[in-house]
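S.K.: Structure: final.pdb, PDB, C-alpha atoms, pLDDT in the B column.
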ATOM      1  CA  MET A  82      40.982 -52.318 -17.569  1.00 64.00           C
ATOM      2  CA  MET A  83      37.379 -52.744 -16.385  1.00 85.00           C
ATOM      3  CA  VAL A  84      34.603 -54.313 -18.458  1.00 91.00           C
ATOM      4  CA  TYR A  85      33.058 -50.970 -19.408  1.00 94.00           C
ATOM      5  CA  GLU A  86      36.417 -49.587 -20.516  1.00 94.00           C
ATOM      6  CA  HIS A  87      36.960 -52.682 -22.677  1.00 93.00           C
ATOM      7  CA  GLU A  88      33.599 -52.109 -24.366  1.00 96.00           C
ATOM      8  CA  VAL A  89      34.414 -48.442 -24.869  1.00 97.00           C
ATOM      9  CA  ALA A  90      37.811 -49.281 -26.384  1.00 96.00           C
ATOM     10  CA  GLU A  91      36.082 -51.522 -28.949  1.00 97.00           C
ATOM     11  CA  ASP A  92      33.577 -48.761 -29.727  1.00 97.00           C
ATOM     12  CA  VAL A  93      36.440 -46.327 -30.298  1.00 97.00           C
ATOM     13  CA  ARG A  94      38.196 -48.749 -32.676  1.00 96.00           C
ATOM     14  CA  ARG A  95      35.013 -49.235 -34.720  1.00 96.00           C
ATOM     15  CA  TRP A  96      34.409 -45.489 -34.804  1.00 96.00           C
ATOM     16  CA  ARG A  97      37.947 -44.804 -36.023  1.00 95.00           C
ATOM     17  CA  ARG A  98      37.567 -47.367 -38.810  1.00 93.00           C
ATOM     18  CA  ARG A  99      34.384 -45.657 -39.992  1.00 91.00           C
ATOM     19  CA  LEU A 100      36.022 -42.244 -39.719  1.00 89.00           C
ATOM     20  CA  THR A 101      39.010 -43.159 -41.872  1.00 84.00           C
ATOM     21  CA  LYS A 102      37.088 -45.237 -44.411  1.00 81.00           C
ATOM     22  CA  ARG A 103      37.088 -43.865 -47.957  1.00 72.00           C
ATOM     23  CA  PRO A 104      33.698 -42.300 -48.742  1.00 63.00           C
ATOM     24  CA  SER A 105      31.391 -44.257 -51.029  1.00 58.00           C
ATOM     25  CA  LEU A 106      30.539 -43.216 -54.587  1.00 57.00           C
ATOM     26  CA  THR A 107      27.077 -42.155 -53.400  1.00 57.00           C
ATOM     27  CA  THR A 108      28.570 -39.957 -50.693  1.00 57.00           C
ATOM     28  CA  ARG A 109      31.051 -38.366 -53.102  1.00 58.00           C
ATOM     29  CA  THR A 110      28.275 -37.657 -55.610  1.00 59.00           C
ATOM     30  CA  ALA A 111      26.094 -36.094 -52.911  1.00 55.00           C
ATOM     31  CA  LYS A 112      28.971 -33.849 -51.827  1.00 60.00           C
ATOM     32  CA  ARG A 113      29.459 -32.637 -55.402  1.00 66.00           C
ATOM     33  CA  TRP A 114      25.803 -31.672 -55.585  1.00 60.00           C
ATOM     34  CA  GLN A 115      26.065 -29.997 -52.200  1.00 59.00           C
ATOM     35  CA  LYS A 116      28.957 -27.834 -53.350  1.00 63.00           C
ATOM     36  CA  LYS A 117      26.870 -26.744 -56.338  1.00 65.00           C
ATOM     37  CA  TRP A 118      24.061 -25.764 -53.964  1.00 61.00           C
ATOM     38  CA  ASN A 119      26.541 -23.881 -51.782  1.00 60.00           C
ATOM     39  CA  GLY A 120      27.563 -21.867 -54.834  1.00 63.00           C
ATOM     40  CA  MET A 121      23.937 -20.836 -55.386  1.00 62.00           C
ATOM     41  CA  LEU A 122      23.441 -19.488 -51.862  1.00 62.00           C
ATOM     42  CA  PRO A 123      23.429 -15.706 -51.396  1.00 66.00           C
ATOM     43  CA  GLU A 124      26.648 -13.972 -50.415  1.00 72.00           C
ATOM     44  CA  LYS A 125      24.966 -12.951 -47.153  1.00 74.00           C
ATOM     45  CA  TRP A 126      24.921 -16.630 -46.182  1.00 67.00           C
ATOM     46  CA  HIS A 127      28.644 -17.092 -46.734  1.00 70.00           C
ATOM     47  CA  ALA A 128      29.400 -13.842 -44.893  1.00 76.00           C
ATOM     48  CA  LEU A 129      27.242 -15.018 -41.978  1.00 73.00           C
ATOM     49  CA  VAL A 130      29.083 -18.349 -41.802  1.00 72.00           C
ATOM     50  CA  THR A 131      32.477 -16.646 -41.823  1.00 76.00           C
ATOM     51  CA  GLU A 132      31.613 -14.101 -39.146  1.00 79.00           C
ATOM     52  CA  THR A 133      29.837 -16.634 -36.902  1.00 77.00           C
ATOM     53  CA  ILE A 134      32.743 -19.077 -36.975  1.00 78.00           C
ATOM     54  CA  LYS A 135      35.230 -16.302 -36.264  1.00 80.00           C
ATOM     55  CA  LYS A 136      33.222 -15.072 -33.257  1.00 80.00           C
ATOM     56  CA  MET A 137      32.725 -18.631 -32.019  1.00 79.00           C
ATOM     57  CA  ILE A 138      36.469 -19.290 -32.034  1.00 79.00           C
ATOM     58  CA  GLU A 139      37.236 -15.999 -30.293  1.00 79.00           C
ATOM     59  CA  ALA A 140      34.594 -16.680 -27.634  1.00 79.00           C
ATOM     60  CA  THR A 141      35.861 -20.229 -27.111  1.00 81.00           C
ATOM     61  CA  ILE A 142      39.490 -19.201 -26.683  1.00 77.00           C
ATOM     62  CA  THR A 143      38.711 -16.382 -24.264  1.00 76.00           C
ATOM     63  CA  GLY A 144      35.986 -18.332 -22.473  1.00 72.00           C
ATOM     64  CA  SER A 145      33.863 -15.195 -22.563  1.00 64.00           C
ATOM     65  CA  VAL A 146      30.583 -16.819 -23.614  1.00 64.00           C
ATOM     66  CA  TYR A 147      30.488 -20.554 -23.044  1.00 66.00           C
ATOM     67  CA  THR A 148      30.768 -21.505 -19.402  1.00 63.00           C
ATOM     68  CA  ALA A 149      30.190 -24.763 -17.576  1.00 58.00           C
ATOM     69  CA  ARG A 150      27.291 -24.933 -15.162  1.00 62.00           C
ATOM     70  CA  LYS A 151      29.409 -26.711 -12.567  1.00 70.00           C
ATOM     71  CA  LEU A 152      32.981 -27.618 -11.768  1.00 72.00           C
ATOM     72  CA  PRO A 153      34.288 -31.009 -12.891  1.00 81.00           C
ATOM     73  CA  GLU A 154      33.774 -33.792 -10.355  1.00 83.00           C
ATOM     74  CA  GLU A 155      36.529 -36.162  -9.292  1.00 86.00           C
ATOM     75  CA  GLY A 156      36.275 -39.865  -8.526  1.00 87.00           C
ATOM     76  CA  ARG A 157      33.489 -40.705 -10.962  1.00 92.00           C
ATOM     77  CA  SER A 158      33.743 -43.738 -13.219  1.00 94.00           C
ATOM     78  CA  LEU A 159      33.783 -43.457 -17.000  1.00 96.00           C
ATOM     79  CA  LYS A 160      30.335 -45.047 -17.141  1.00 96.00           C
ATOM     80  CA  GLU A 161      28.911 -42.448 -14.751  1.00 96.00           C
ATOM     81  CA  ARG A 162      30.470 -39.635 -16.742  1.00 97.00           C
ATOM     82  CA  GLU A 163      29.078 -40.930 -20.005  1.00 97.00           C
ATOM     83  CA  GLU A 164      25.595 -41.259 -18.555  1.00 97.00           C
ATOM     84  CA  GLU A 165      25.864 -37.546 -17.744  1.00 96.00           C
ATOM     85  CA  VAL A 166      27.083 -36.747 -21.274  1.00 97.00           C
ATOM     86  CA  ARG A 167      24.131 -38.592 -22.826  1.00 97.00           C
ATOM     87  CA  ARG A 168      21.771 -36.645 -20.579  1.00 96.00           C
ATOM     88  CA  ILE A 169      23.411 -33.377 -21.704  1.00 95.00           C
ATOM     89  CA  PHE A 170      22.985 -34.230 -25.369  1.00 96.00           C
ATOM     90  CA  ARG A 171      19.372 -35.342 -24.940  1.00 94.00           C
ATOM     91  CA  LEU A 172      18.628 -31.869 -23.651  1.00 92.00           C
ATOM     92  CA  TYR A 173      20.470 -30.122 -26.476  1.00 91.00           C
ATOM     93  CA  HIS A 174      18.950 -32.441 -29.080  1.00 87.00           C
ATOM     94  CA  HIS A 175      15.480 -31.247 -28.081  1.00 84.00           C
ATOM     95  CA  THR A 176      16.626 -27.618 -28.114  1.00 84.00           C
ATOM     96  CA  ALA A 177      18.269 -27.931 -31.545  1.00 78.00           C
ATOM     97  CA  VAL A 178      15.276 -29.675 -33.138  1.00 75.00           C
ATOM     98  CA  ALA A 179      12.825 -27.108 -31.770  1.00 73.00           C
ATOM     99  CA  GLU A 180      15.072 -24.303 -32.956  1.00 64.00           C
ATOM    100  CA  GLY A 181      15.395 -25.892 -36.413  1.00 58.00           C
ATOM    101  CA  ILE A 182      11.622 -26.143 -36.750  1.00 60.00           C
ATOM    102  CA  GLY A 183      11.099 -22.552 -35.642  1.00 51.00           C
ATOM    103  CA  THR A 184      13.682 -20.944 -37.879  1.00 49.00           C
ATOM    104  CA  GLY A 185      13.117 -23.310 -40.803  1.00 44.00           C
ATOM    105  CA  ALA A 186       9.473 -22.296 -41.070  1.00 44.00           C
ATOM    106  CA  GLY A 187      10.415 -18.692 -41.814  1.00 45.00           C
ATOM    107  CA  GLY A 188      12.181 -18.994 -45.155  1.00 46.00           C
ATOM    108  CA  VAL A 189      15.600 -17.705 -46.167  1.00 45.00           C
ATOM    109  CA  LEU A 190      16.082 -14.694 -43.901  1.00 44.00           C
ATOM    110  CA  ILE A 191      14.795 -16.294 -40.712  1.00 46.00           C
ATOM    111  CA  GLY A 192      16.344 -19.627 -41.677  1.00 50.00           C
ATOM    112  CA  MET A 193      19.751 -17.975 -41.801  1.00 57.00           C
ATOM    113  CA  THR A 194      19.416 -17.091 -38.119  1.00 57.00           C
ATOM    114  CA  ASP A 195      19.516 -20.826 -37.380  1.00 61.00           C
ATOM    115  CA  PHE A 196      23.234 -20.929 -38.123  1.00 68.00           C
ATOM    116  CA  PRO A 197      24.555 -18.851 -35.188  1.00 75.00           C
ATOM    117  CA  LEU A 198      21.918 -20.327 -32.871  1.00 78.00           C
ATOM    118  CA  LEU A 199      22.951 -23.881 -33.732  1.00 79.00           C
ATOM    119  CA  ILE A 200      26.641 -23.028 -33.310  1.00 82.00           C
ATOM    120  CA  SER A 201      25.863 -21.752 -29.815  1.00 85.00           C
ATOM    121  CA  ILE A 202      23.952 -24.932 -28.938  1.00 87.00           C
ATOM    122  CA  LYS A 203      26.817 -27.115 -30.159  1.00 89.00           C
ATOM    123  CA  MET A 204      29.464 -25.223 -28.233  1.00 90.00           C
ATOM    124  CA  LYS A 205      27.464 -25.204 -24.995  1.00 90.00           C
ATOM    125  CA  ALA A 206      27.037 -28.972 -25.337  1.00 93.00           C
ATOM    126  CA  LEU A 207      30.782 -29.410 -25.872  1.00 95.00           C
ATOM    127  CA  PHE A 208      31.702 -27.285 -22.861  1.00 93.00           C
ATOM    128  CA  GLU A 209      29.353 -29.255 -20.621  1.00 93.00           C
ATOM    129  CA  THR A 210      30.674 -32.512 -22.077  1.00 96.00           C
ATOM    130  CA  ALA A 211      34.262 -31.549 -21.249  1.00 95.00           C
ATOM    131  CA  THR A 212      33.218 -30.806 -17.663  1.00 94.00           C
ATOM    132  CA  ALA A 213      31.332 -34.109 -17.403  1.00 95.00           C
ATOM    133  CA  TYR A 214      34.492 -35.979 -18.411  1.00 96.00           C
ATOM    134  CA  GLY A 215      36.376 -34.153 -15.640  1.00 95.00           C
ATOM    135  CA  TYR A 216      38.208 -31.405 -17.547  1.00 94.00           C
ATOM    136  CA  ASP A 217      38.350 -27.827 -16.339  1.00 91.00           C
ATOM    137  CA  VAL A 218      37.247 -25.537 -19.182  1.00 90.00           C
ATOM    138  CA  SER A 219      38.620 -22.503 -17.361  1.00 88.00           C
ATOM    139  CA  ASP A 220      41.964 -23.794 -18.689  1.00 90.00           C
ATOM    140  CA  TYR A 221      42.358 -22.372 -22.192  1.00 89.00           C
ATOM    141  CA  ARG A 222      44.100 -25.570 -23.312  1.00 92.00           C
ATOM    142  CA  GLU A 223      40.905 -27.503 -22.695  1.00 93.00           C
ATOM    143  CA  ARG A 224      39.031 -24.943 -24.769  1.00 91.00           C
ATOM    144  CA  LEU A 225      41.508 -25.508 -27.599  1.00 91.00           C
ATOM    145  CA  PHE A 226      40.738 -29.220 -27.381  1.00 95.00           C
ATOM    146  CA  ILE A 227      37.032 -28.406 -27.670  1.00 94.00           C
ATOM    147  CA  LEU A 228      37.784 -26.617 -30.944  1.00 91.00           C
ATOM    148  CA  LEU A 229      39.582 -29.732 -32.173  1.00 93.00           C
ATOM    149  CA  VAL A 230      36.557 -31.873 -31.323  1.00 96.00           C
ATOM    150  CA  PHE A 231      34.303 -29.428 -33.190  1.00 92.00           C
ATOM    151  CA  GLN A 232      36.553 -29.593 -36.250  1.00 91.00           C
ATOM    152  CA  LEU A 233      36.745 -33.382 -36.137  1.00 94.00           C
ATOM    153  CA  ALA A 234      32.956 -33.643 -36.100  1.00 93.00           C
ATOM    154  CA  PHE A 235      32.393 -31.264 -39.003  1.00 88.00           C
ATOM    155  CA  SER A 236      35.201 -31.802 -41.479  1.00 86.00           C
ATOM    156  CA  GLU A 237      36.198 -34.423 -44.003  1.00 83.00           C
ATOM    157  CA  GLY A 238      39.132 -35.800 -45.937  1.00 83.00           C
ATOM    158  CA  GLU A 239      42.675 -34.671 -45.264  1.00 86.00           C
ATOM    159  CA  HIS A 240      41.641 -31.936 -42.843  1.00 86.00           C
ATOM    160  CA  ARG A 241      39.787 -34.445 -40.662  1.00 90.00           C
ATOM    161  CA  ASP A 242      42.792 -36.791 -40.768  1.00 92.00           C
ATOM    162  CA  ARG A 243      45.054 -33.980 -39.538  1.00 91.00           C
ATOM    163  CA  VAL A 244      42.686 -33.104 -36.702  1.00 92.00           C
ATOM    164  CA  LEU A 245      42.401 -36.761 -35.646  1.00 95.00           C
ATOM    165  CA  ALA A 246      46.195 -37.007 -35.561  1.00 95.00           C
ATOM    166  CA  ARG A 247      46.340 -33.952 -33.267  1.00 94.00           C
ATOM    167  CA  ILE A 248      43.758 -35.487 -30.941  1.00 96.00           C
ATOM    168  CA  ASP A 249      45.820 -38.687 -30.856  1.00 95.00           C
ATOM    169  CA  GLN A 250      48.838 -36.656 -29.714  1.00 95.00           C
ATOM    170  CA  TRP A 251      46.918 -34.083 -27.690  1.00 96.00           C
ATOM    171  CA  GLU A 252      48.606 -34.705 -24.338  1.00 95.00           C
ATOM    172  CA  VAL A 253      51.991 -34.076 -25.967  1.00 95.00           C
ATOM    173  CA  GLU A 254      50.740 -30.894 -27.623  1.00 93.00           C
ATOM    174  CA  ARG A 255      49.012 -29.785 -24.418  1.00 93.00           C
ATOM    175  CA  ALA A 256      52.185 -30.246 -22.370  1.00 93.00           C
ATOM    176  CA  ALA A 257      54.081 -27.989 -24.783  1.00 91.00           C
ATOM    177  CA  LEU A 258      51.614 -25.129 -24.303  1.00 89.00           C
ATOM    178  CA  PRO A 259      52.164 -22.569 -21.506  1.00 86.00           C
ATOM    179  CA  GLU A 260      49.869 -22.877 -18.503  1.00 84.00           C
ATOM    180  CA  GLU A 261      48.687 -19.320 -18.936  1.00 81.00           C
ATOM    181  CA  GLN A 262      47.419 -17.923 -22.196  1.00 74.00           C
ATOM    182  CA  SER A 263      49.984 -15.160 -22.528  1.00 61.00           C
ATOM    183  CA  ALA A 264      49.336 -14.109 -26.105  1.00 53.00           C
ATOM    184  CA  ALA A 265      46.701 -14.259 -28.800  1.00 50.00           C
ATOM    185  CA  LEU A 266      46.714 -17.667 -30.418  1.00 59.00           C
ATOM    186  CA  GLU A 267      46.950 -17.935 -34.165  1.00 59.00           C
ATOM    187  CA  LEU A 268      44.230 -20.235 -35.455  1.00 64.00           C
ATOM    188  CA  ASP A 269      43.199 -20.904 -39.028  1.00 66.00           C
ATOM    189  CA  TRP A 270      39.563 -19.894 -38.546  1.00 67.00           C
ATOM    190  CA  ARG A 271      39.093 -19.400 -42.285  1.00 67.00           C
ATOM    191  CA  SER A 272      39.946 -23.035 -42.922  1.00 73.00           C
ATOM    192  CA  LEU A 273      37.636 -24.081 -40.100  1.00 75.00           C
ATOM    193  CA  GLN A 274      34.697 -22.098 -41.459  1.00 72.00           C
ATOM    194  CA  ILE A 275      35.201 -23.372 -45.016  1.00 74.00           C
ATOM    195  CA  ASN A 276      35.328 -26.975 -43.838  1.00 77.00           C
ATOM    196  CA  TYR A 277      32.264 -26.493 -41.659  1.00 76.00           C
ATOM    197  CA  ARG A 278      30.267 -24.776 -44.390  1.00 70.00           C
ATOM    198  CA  ASP A 279      31.168 -27.452 -46.919  1.00 70.00           C
ATOM    199  CA  PHE A 280      30.239 -30.166 -44.448  1.00 72.00           C
ATOM    200  CA  LEU A 281      26.681 -28.933 -43.903  1.00 66.00           C
ATOM    201  CA  ASP A 282      24.413 -31.393 -45.619  1.00 51.00           C
ATOM    202  CA  LEU A 283      21.794 -30.750 -48.261  1.00 50.00           C
ATOM    203  CA  ALA A 284      18.994 -30.852 -45.688  1.00 54.00           C
ATOM    204  CA  LYS A 285      20.560 -27.887 -43.928  1.00 57.00           C
ATOM    205  CA  ILE A 286      20.575 -25.919 -47.154  1.00 58.00           C
ATOM    206  CA  LEU A 287      16.996 -26.972 -47.933  1.00 57.00           C
ATOM    207  CA  GLN A 288      16.024 -25.512 -44.560  1.00 55.00           C
ATOM    208  CA  LEU A 289      16.146 -22.111 -46.259  1.00 57.00           C
ATOM    209  CA  ILE A 290      13.260 -23.033 -48.597  1.00 55.00           C
ATOM    210  CA  PRO A 291       9.953 -21.470 -47.431  1.00 56.00           C
ATOM    211  CA  GLY A 292       7.283 -24.029 -46.602  1.00 55.00           C
ATOM    212  CA  PHE A 293       9.656 -26.988 -46.302  1.00 53.00           C
ATOM    213  CA  GLY A 294      12.351 -25.497 -44.095  1.00 51.00           C
ATOM    214  CA  ALA A 295      10.829 -26.632 -40.805  1.00 56.00           C
ATOM    215  CA  ILE A 296      10.959 -30.311 -41.791  1.00 57.00           C
ATOM    216  CA  PHE A 297      14.482 -30.151 -43.148  1.00 61.00           C
ATOM    217  CA  GLY A 298      15.669 -27.923 -40.300  1.00 60.00           C
ATOM    218  CA  ALA A 299      14.514 -30.331 -37.606  1.00 71.00           C
ATOM    219  CA  ALA A 300      16.036 -33.345 -39.387  1.00 74.00           C
ATOM    220  CA  ALA A 301      19.364 -31.614 -40.080  1.00 76.00           C
ATOM    221  CA  ASN A 302      19.776 -30.271 -36.553  1.00 78.00           C
ATOM    222  CA  HIS A 303      18.991 -33.681 -35.070  1.00 81.00           C
ATOM    223  CA  ARG A 304      21.563 -35.394 -37.291  1.00 86.00           C
ATOM    224  CA  LEU A 305      24.255 -32.787 -36.627  1.00 86.00           C
ATOM    225  CA  LEU A 306      23.799 -33.080 -32.846  1.00 90.00           C
ATOM    226  CA  GLU A 307      23.979 -36.877 -33.095  1.00 94.00           C
ATOM    227  CA  LEU A 308      27.236 -36.579 -35.001  1.00 93.00           C
ATOM    228  CA  LEU A 309      28.660 -34.123 -32.478  1.00 95.00           C
ATOM    229  CA  GLU A 310      27.716 -36.390 -29.570  1.00 97.00           C
ATOM    230  CA  GLU A 311      29.395 -39.418 -31.138  1.00 97.00           C
ATOM    231  CA  THR A 312      32.545 -37.469 -32.010  1.00 97.00           C
ATOM    232  CA  ALA A 313      32.859 -35.763 -28.629  1.00 98.00           C
ATOM    233  CA  MET A 314      32.372 -38.964 -26.664  1.00 98.00           C
ATOM    234  CA  ASN A 315      34.963 -40.854 -28.685  1.00 98.00           C
ATOM    235  CA  ALA A 316      37.494 -38.015 -28.558  1.00 98.00           C
ATOM    236  CA  TYR A 317      37.276 -37.835 -24.765  1.00 98.00           C
ATOM    237  CA  ARG A 318      37.261 -41.625 -24.547  1.00 98.00           C
ATOM    238  CA  MET A 319      40.601 -41.608 -26.372  1.00 97.00           C
ATOM    239  CA  ARG A 320      42.048 -39.356 -23.686  1.00 96.00           C
ATOM    240  CA  TRP A 321      40.554 -41.439 -20.885  1.00 96.00           C
ATOM    241  CA  LEU A 322      41.870 -44.725 -22.290  1.00 95.00           C
ATOM    242  CA  ALA A 323      45.323 -43.273 -22.954  1.00 93.00           C
ATOM    243  CA  ALA A 324      45.579 -42.242 -19.304  1.00 91.00           C
ATOM    244  CA  LEU A 325      44.836 -45.746 -17.951  1.00 89.00           C
ATOM    245  CA  PRO A 326      47.735 -47.735 -16.483  1.00 84.00           C
ATOM    246  CA  ALA A 327      49.386 -50.035 -19.005  1.00 69.00           C
TER     247      ALA A 327
END
Do you think you could lay out the structure here as C-alpha cells?
M.R.:
Amino acid sequence: MMVYEHEVAEDVRRWRRRLTKRPSLTTRTAKRWQKKWNGMLPEKWHALVTETIKKMIEATITGSVYTARKLPEEGRSLKEREEEVRRIFRLYHHTAVAEGIGTGAGGVLIGMTDFPLLISIKMKALFETATAYGYDVSDYRERLFILLVFQLAFSEGEHRDRVLARIDQWEVERAALPEEQSAALELDWRSLQINYRDFLDLAKILQLIPGFGAIFGAAANHRLLELLEETAMNAYRMRWLAALPA
C-alpha cells in the first residue's frame, strides 16, 4: 500500500469512529428541539419533501436526469482522483451557498424552493464524484450505491448503522444483482425521506424565516455540502482500499 493510501486508511478509520460514536447530550437535545420545529412546519413543506425525495430516487435509478460530464478514466492514482473530487465539490459548494442566499431571502414560499434545488446539486455532485473515482454511472448498480452514500450522509442512529453495513458489504451485494436492470426496484423511499427531513438542521428550517433566511440558508447549504463531500469520499475510499491486494 502506498503512502497516500496509508494516510487515507487512517482517515477512514477516524471517520468511522466519529460516525459510530454515541451522540452527545447537546446533540440529542438539539435534535429534540428540531423535531418540535419540524412539527410546526406547514403540511406543504412535508409534502414537498416527500415528493422531491421520491422523484430524486426515481431519477437516480433510471439515470434520466443526473448524468456524468465525462466517462471514468482508467490508470489514475487515488490521489489524482481525490484532487478531482475536491475540485468538483468546491464548484458545488459555491453553487449551493449562492442558491441558499437567493432562496433564503424570499421567506417561506421561495425558501421552500431551495429543497429540490439543493437535492439536485447534491445528486449531481455525487454522480460526478462516482465518475472521478472510476465508476461508470450508466450501470444502475453504481446509481444504487450513490443512493446509499446519500442516505449515509443524511441519516442517523440505527438507520445510518444499517446503511454503513451495506456499504461495507457492497461488493457482495453488487455481485448478487443482475447486470441489467430488468425490473423496477423496490426501495423504501418513505424511510429515506423521513430520515433526510429529520436530519435537516435547525439552520435549514430557519432559512424559511423572512429577513434572516439568506444567512441561515447559506450556512446550512455550506455545511450540508461539506458533510456530503466527507461521506462520499470515505465511502468510495472504502471500496478503493478493499480492492487493493492483500
S.K.: Please provide as number ranges by chain all residues within 10 Å of Arg247 in chain A, with the sequence filter that same-chain residues fewer than 6 positions apart are discarded (counting all atoms listed in the file).
M.R.: A: 226, 229, 241, 253-254
S.K.: Counting only C-alpha atoms, find the residues whose atoms lie at most 10 Å from (20.8, -32.0, -24.6) (file coordinates) and write them out as a ChimeraX atom specification.
M.R.: /A:166-177,202-203,205-206,209,306,310
S.K.: Using all atoms listed in the file, which of A:Trp96, A:Phe208, A:Tyr85, A:Trp321 sits nearest Phe231 in chain A?
M.R.: A:Phe208
S.K.: Glu239 in chain A: which residues within 10 Å, counting only C-alpha atoms, same-chain residues fewer than 5 positions away excluded, as a ChimeraX atom specification?
M.R.: /A:101,244-245
S.K.: Could you state which residues are captured by the PyMOL selection byres ((chain A and resi 222) around 10) in this file, as a list in words?
M.R.: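 After applying the PyMOL selection byres ((chain A and resi 222) around 10), what remains is Ile142, Asp217, Val218, Ser219, Asp220, Tyr221, Glu223, Arg224, Leu225, Phe226, Ile227, Leu228, Trp251, Glu254, Arg255, Ala256, Leu258, Pro259, Glu260, Glu261 and Gln262 of chain A.
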S.K.: Could you check the closest approach to Glu132 in chain A for each of A:Arg278, A:His87, A:His240, A:Arg99 and tell me which residue wins, using only C-alpha atoms?
M.R.: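 Closest residue, counting only C-alpha atoms: A:Arg278.
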S.K.: Between CA of Tyr277 in chain A and CA of Arg103 in chain A, measure the distance and give it in Å to one decimal.
M.R.: 19.1 Å
S.K.: Write out as a ChimeraX atom specification each polymer residue whose atoms come within 9 Å of Ala90 in chain A, counting all atoms listed in the file; drop sequence neighbours fewer than 5 positions from it.
M.R.: /A:85,95,318-319,322
S.K.: Take the point (43.0, -44.5, -21.8) in the file's coordinates, draw a sphere of radius 12 Å around it, and report as a list in words every protein, DNA or RNA residue with an atom inside or on it, counting only C-alpha atoms.
M.R.: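 I get Met82, Met83, Glu86, His87, Val89, Ala90, Val93, Leu159, Asp249, Glu252, Asn315, Ala316, Tyr317, Arg318, Met319, Arg320, Trp321, Leu322, Ala323, Ala324, Leu325, Pro326 and Ala327 of chain A for the residues within 12 Å of that point.
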S.K.: Measuring atom to atom with only C-alpha atoms, identify which of A:Glu164, A:Asp242, A:Glu237, A:Glu311 is nearest to Ile275 in chain A.
M.R.: A:Glu237
S.K.: Kindly give the distance, in Å, that separates CA of Glu165 in chain A and CA of Val84 in chain A, rounded to a single decimal.
M.R.: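 CA of Val84 in chain A lies 18.9 Å from CA of Glu165 in chain A.
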S.K.: Any idea what the distance is between CA of Pro153 in chain A and CA of Gly215 in chain A?
M.R.: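 We find that CA of Pro153 in chain A and CA of Gly215 in chain A lie 4.7 Å from each other.
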S.K.: Taking only C-alpha atoms into account, which of A:Lys125, A:Arg162, A:Lys135, A:Lys151 comes nearest Ala213 in chain A?
M.R.: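 Using only C-alpha atoms, the shortest distance to Ala213 in chain A belongs to A:Arg162.
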S.K.: I need the residue set behind the PyMOL selection byres ((chain A and resi 137) around 9) for this file; please write it as a PDB file with C-alpha atoms, keeping the file's coordinate frame.
M.R.:
ATOM      1  CA  GLU A 132      31.613 -14.101 -39.146  1.00 79.00           C
ATOM      2  CA  THR A 133      29.837 -16.634 -36.902  1.00 77.00           C
ATOM      3  CA  ILE A 134      32.743 -19.077 -36.975  1.00 78.00           C
ATOM      4  CA  LYS A 135      35.230 -16.302 -36.264  1.00 80.00           C
ATOM      5  CA  LYS A 136      33.222 -15.072 -33.257  1.00 80.00           C
ATOM      6  CA  ILE A 138      36.469 -19.290 -32.034  1.00 79.00           C
ATOM      7  CA  GLU A 139      37.236 -15.999 -30.293  1.00 79.00           C
ATOM      8  CA  ALA A 140      34.594 -16.680 -27.634  1.00 79.00           C
ATOM      9  CA  THR A 141      35.861 -20.229 -27.111  1.00 81.00           C
ATOM     10  CA  ILE A 142      39.490 -19.201 -26.683  1.00 77.00           C
ATOM     11  CA  VAL A 146      30.583 -16.819 -23.614  1.00 64.00           C
ATOM     12  CA  PRO A 197      24.555 -18.851 -35.188  1.00 75.00           C
ATOM     13  CA  ILE A 200      26.641 -23.028 -33.310  1.00 82.00           C
ATOM     14  CA  SER A 201      25.863 -21.752 -29.815  1.00 85.00           C
ATOM     15  CA  MET A 204      29.464 -25.223 -28.233  1.00 90.00           C
TER      16      MET A 204
END
